[in-house]
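K.L.:
Input: one structure, supplied below.
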Amino acid sequence: MRTKPERAHPVLERVAVVANDRVTEGVGLLRLRAPRIAATVHSGQFIHLRIAVGADFILRRPFAVHRRDGDVIEVLYRVAGRGTHDLETKRTGQEMDAIGPLGRGWEPGEVSSALLVAGGIGAAPLGMLAEDLAARGVAVSVALGAPSGERLVARGLFERVARRVGVVTEDGSEGETGLVTLLTARWLEQETFDVICACGPEGMARAVAEQARFARVPCLVSLERLMACGVGVCLSCVVSTTHGLKKACKHGPVFDAEEVVWDASESPQRA
Amino acid sequence: MPPSPRSVPEGMRPSTGAASVDMTVQLAGLTLRSPVMTASGTFASGHEYAEFVELERLGAIVTKGVSLEPWPGNDSPRIAETPSGMLNSIGLQNQGVEKFCEKQLARLGGVDVPVIVNVSGHSIAEYAAVVERLEQEPGVAGYEVNISCPNVDEGGMAFGVGCTPAAAVTRAVRDVTSRPLIVKLSPNVTDIAEIARAVEAEGADAVSLINTLLGMAIDPETRRPRLARVVGGLSGPAIRPVALRMVWQVAQAVALPVVGMGGIMTGEDAVEFMLAGAAAVAVGTANFVDPTSTRRVTDGLREYCVRHGVPRVRDLTGAMDQ
């Protein structure tokens, strides 16, 4: 049911920081001037960013493209380890190099309604999708979850473009109290959607996938894996599927939820 | 021995334009147009990196390891970043030699670069069987026999940490091919020179070193190992001094050409390995960091030769001054 848009070859591009600001607790929004990547990126694809040269951490870090704005791409990142701590210190004008666009993004096909489910920083790959779908006239509903109100991510963007945004926090500081799956379960009982697109902690993605199966709604999930090369070589980022091991960097990061073998899936550890 | 630049009067140095450095090297009967090769498992079969570098400018492509039957590889997480390097325990995931010939080799058919196939096995018979199958493929320039992967339980490194099994694998492969045969050595041994001598005696044409160093990392927050298999192979600049020392030791111990590798990121790094005795070098983890690494290393090596008045890159091999 997934259509296949033309995927452009990835390029290695020198990108410049346009802005880098903290937007919520522990989450930064990086705006990068990246004309070549911006020209061909699809929603759900990612860039592989070389944050530091000459530091003692050498690997690139993969980041979903959150939005595209002309020749600027936006990246939402959670400050979690050496790389993202360093990324947080980047200032306007500083340059890095990025490989992109990489991977297979959201390919929901022709739909008239979509349910987007985001847990915490899982909102990152869903921003551009929400904008693209809304621009095509698709009725977009967004279920947004986080541990607390100050850790909700990209709420403003979703409220701007979606027909409806529901908020759930674990501590009840904003919206309903509990897990985001409370809300998705209710919405799926009340109405039908043509597709569900989910990204968040693997437990959330899996729970949403189960709800989608029960409701007989096609479901796509974006999965996160530790990654070295980003281009399909190193075999670090494998995902167990009904068709064997697949690479998150090349066959994903977006997968059809029906093909993911959840039991064997591992959540990434953060270095 | 090349002339040491400081010993040659300024006016007598050859005027070496970039194009005039002879970058060719001989390795195990092959003439490579550059000493810069790829390290197995860091370049797949080249296709993915063709977007970033010209494969034809490489000395050779050394493929990801191939076994007789498909291997699923290890559980995840399979990598962990460590200071100036990374641990991996991929576990030689591959589709088996049939699929390899059908897909990867076929794809490289039109590319003018020597393809050296890295061969793995659980048993001595499996190594020989993989090579026998590959003997039918005209696109294979030679073999690199992997007796040094630390990430599989049977086979792999078990063959590379003793002289007797290392010699037996080498002999078994030698008996089924007359193509260039490189044996990749493990650094996880007490005396690597002894292993090198053992494979030389059984007919290897060259040795490559080093494979990864066995290591591990623990997440203090969760108290869990960062790799699902607990231990894995360390690569990247962190291991370069160890690799260089071993290349130097092996180059003195055997008459065979040595392919040096271990954390090479720049042209200068490659120069170090050649001065220590390597006839050629391989770029590995650096490909993950910068997909243009092989080009950068090649250009850097050439620029070094220009800057130091070295007419032939092969003159660097073993030319360390002591």
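Here, A, B, ... name the chains of the structure tokens in the order displayed, residue numbers run from 1 inside each chain, and ligands are numbered from 1 in the same displayed order.
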Check every residue of chain B for an atom within 6 Å of chain A, counting only C-alpha atoms, and provide those that qualify as an MDAnalysis selection string.
P.N.:
chainID B and resid 42:44 78 83:84 288:289
K.L.:
Could you write out, as JSON, numbers by chain, all the residues of range 47-239 of chain B that DSSP marks as alpha helix (DSSP H)?
P.N.:
{"B": [97, 98, 99, 106, 107, 108, 124, 125, 126, 127, 128, 129, 130, 131, 132, 133, 134, 163, 164, 165, 166, 167, 168, 169, 170, 171, 172, 173, 174, 192, 193, 194, 195, 196, 197, 198, 199, 200, 201]}
K.L.:
Could you dump the residues just selected with C-alpha atoms as a short mmCIF file (atom, residue, chain, number, x, y, z; two decimals), in the first residue's frame?
P.N.:
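See selection.cif below for the written result:
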data_model
loop_
_atom_site.label_atom_id
_atom_site.label_comp_id
_atom_site.auth_asym_id
_atom_site.auth_seq_id
_atom_site.Cartn_x
_atom_site.Cartn_y
_atom_site.Cartn_z
CA VAL B 97 28.52 -16.83 -1.07
CA GLU B 98 25.79 -17.65 -3.63
CA LYS B 99 23.87 -14.42 -3.04
CA ALA B 106 27.67 -8.79 -10.38
CA ARG B 107 27.24 -5.14 -9.42
CA LEU B 108 31.00 -4.60 -9.39
CA ILE B 124 38.62 -25.08 7.71
CA ALA B 125 36.48 -26.88 5.17
CA GLU B 126 34.11 -23.93 4.96
CA TYR B 127 36.91 -21.47 4.13
CA ALA B 128 38.02 -23.75 1.31
CA ALA B 129 34.45 -24.26 0.09
CA VAL B 130 33.80 -20.51 -0.13
CA VAL B 131 36.99 -19.99 -2.11
CA GLU B 132 36.18 -22.91 -4.42
CA ARG B 133 32.84 -21.29 -5.23
CA LEU B 134 34.51 -17.92 -5.84
CA CYS B 163 50.05 -20.92 14.64
CA THR B 164 48.66 -24.38 13.93
CA PRO B 165 45.07 -23.43 13.00
CA ALA B 166 46.27 -20.30 11.15
CA ALA B 167 48.62 -22.44 9.10
CA ALA B 168 45.91 -25.05 8.47
CA VAL B 169 43.40 -22.52 7.12
CA THR B 170 46.05 -20.95 4.92
CA ARG B 171 47.08 -24.34 3.53
CA ALA B 172 43.46 -25.39 2.88
CA VAL B 173 42.77 -22.21 0.89
CA ARG B 174 46.14 -22.30 -0.87
CA ILE B 192 51.76 -11.68 15.95
CA ALA B 193 55.03 -12.16 14.09
CA GLU B 194 54.93 -15.87 14.89
CA ILE B 195 51.48 -16.20 13.29
CA ALA B 196 52.67 -14.25 10.26
CA ARG B 197 55.58 -16.64 9.81
CA ALA B 198 53.22 -19.62 10.11
CA VAL B 199 50.94 -18.41 7.29
CA GLU B 200 53.94 -17.41 5.17
CA ALA B 201 55.23 -20.97 5.42
#
K.L.:
Among range 83-308 of chain B, which residues carry a DSSP assignment of strand (DSSP E), reported as a PyMOL selection string?
P.N.:
chain B and resi 85-88+115-119+142-146+181-184+206-209+213-216+218-219+224-225+231-235+258-261+280-283
K.L.:
Separation of CA of Glu268 in chain B and CA of Tyr304 in chain B, in Å?
P.N.:
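Calculated distance between CA of Glu268 in chain B and CA of Tyr304 in chain B is 7.4 Å.
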K.L.:
Show me, as number ranges by chain, the residues that have an atom within 8 Å of range 136-151 of chain A when counting only C-alpha atoms, minus same-chain residues fewer than 6 positions from it.
P.N.:
A: 24-27, 111-120, 123, 130, 158, 161-174, 179-180, 183-184
K.L.:
Keeping C-alpha atoms, export the residues of the selection given above as a PDB file, in the first residue's frame.
P.N.:
ATOM      1  CA  THR A  24      11.686  22.815  25.660  1.00  0.00           C
ATOM      2  CA  GLU A  25      13.266  21.026  28.598  1.00  0.00           C
ATOM      3  CA  GLY A  26      16.305  19.175  27.255  1.00  0.00           C
ATOM      4  CA  VAL A  27      15.392  19.679  23.599  1.00  0.00           C
ATOM      5  CA  VAL A 111      -4.955   9.237   2.160  1.00  0.00           C
ATOM      6  CA  SER A 112      -7.622  11.684   3.262  1.00  0.00           C
ATOM      7  CA  SER A 113      -7.134  11.331   6.995  1.00  0.00           C
ATOM      8  CA  ALA A 114      -4.090  10.565   9.130  1.00  0.00           C
ATOM      9  CA  LEU A 115      -3.396  10.040  12.807  1.00  0.00           C
ATOM     10  CA  LEU A 116       0.089  11.116  13.881  1.00  0.00           C
ATOM     11  CA  VAL A 117       1.309   9.826  17.237  1.00  0.00           C
ATOM     12  CA  ALA A 118       4.375  11.395  18.845  1.00  0.00           C
ATOM     13  CA  GLY A 119       6.033  10.475  22.118  1.00  0.00           C
ATOM     14  CA  GLY A 120       8.522  13.072  23.391  1.00  0.00           C
ATOM     15  CA  ALA A 123       7.763  14.397  17.303  1.00  0.00           C
ATOM     16  CA  ALA A 130       2.114  17.035   9.314  1.00  0.00           C
ATOM     17  CA  PHE A 158       1.114  20.681  15.148  1.00  0.00           C
ATOM     18  CA  VAL A 161      -1.370  22.696  10.771  1.00  0.00           C
ATOM     19  CA  ALA A 162      -3.417  19.857  12.256  1.00  0.00           C
ATOM     20  CA  ARG A 163      -7.184  19.723  12.442  1.00  0.00           C
ATOM     21  CA  ARG A 164      -6.895  18.505  16.016  1.00  0.00           C
ATOM     22  CA  VAL A 165      -4.121  18.076  18.589  1.00  0.00           C
ATOM     23  CA  GLY A 166      -4.599  16.024  21.755  1.00  0.00           C
ATOM     24  CA  VAL A 167      -2.073  16.229  24.590  1.00  0.00           C
ATOM     25  CA  VAL A 168      -1.354  13.597  27.219  1.00  0.00           C
ATOM     26  CA  THR A 169       1.318  13.816  29.927  1.00  0.00           C
ATOM     27  CA  GLU A 170       2.356  11.169  32.392  1.00  0.00           C
ATOM     28  CA  ASP A 171       2.288  13.581  35.325  1.00  0.00           C
ATOM     29  CA  GLY A 172      -0.856  15.371  34.164  1.00  0.00           C
ATOM     30  CA  SER A 173       0.835  18.773  34.050  1.00  0.00           C
ATOM     31  CA  GLU A 174      -0.713  19.379  30.608  1.00  0.00           C
ATOM     32  CA  LEU A 179       0.192   7.575  28.251  1.00  0.00           C
ATOM     33  CA  VAL A 180      -0.540   8.808  24.752  1.00  0.00           C
ATOM     34  CA  LEU A 183      -5.942   9.024  23.636  1.00  0.00           C
ATOM     35  CA  THR A 184      -5.228   7.019  20.503  1.00  0.00           C
TER      36      THR A 184
END
K.L.:
Quick one: distance from CA of Arg206 in chain A to CA of Gly44 in chain A in Å, one decimal?
P.N.:
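Atom-to-atom, CA of Arg206 in chain A to CA of Gly44 in chain A, that is 18.0 Å.
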K.L.:
Here is a test: counting only C-alpha atoms, which residue of A:Arg7, A:Arg31, A:Arg213, A:His251 is nearest to Arg91 in chain A?
P.N.:
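Closest candidate: A:Arg31.
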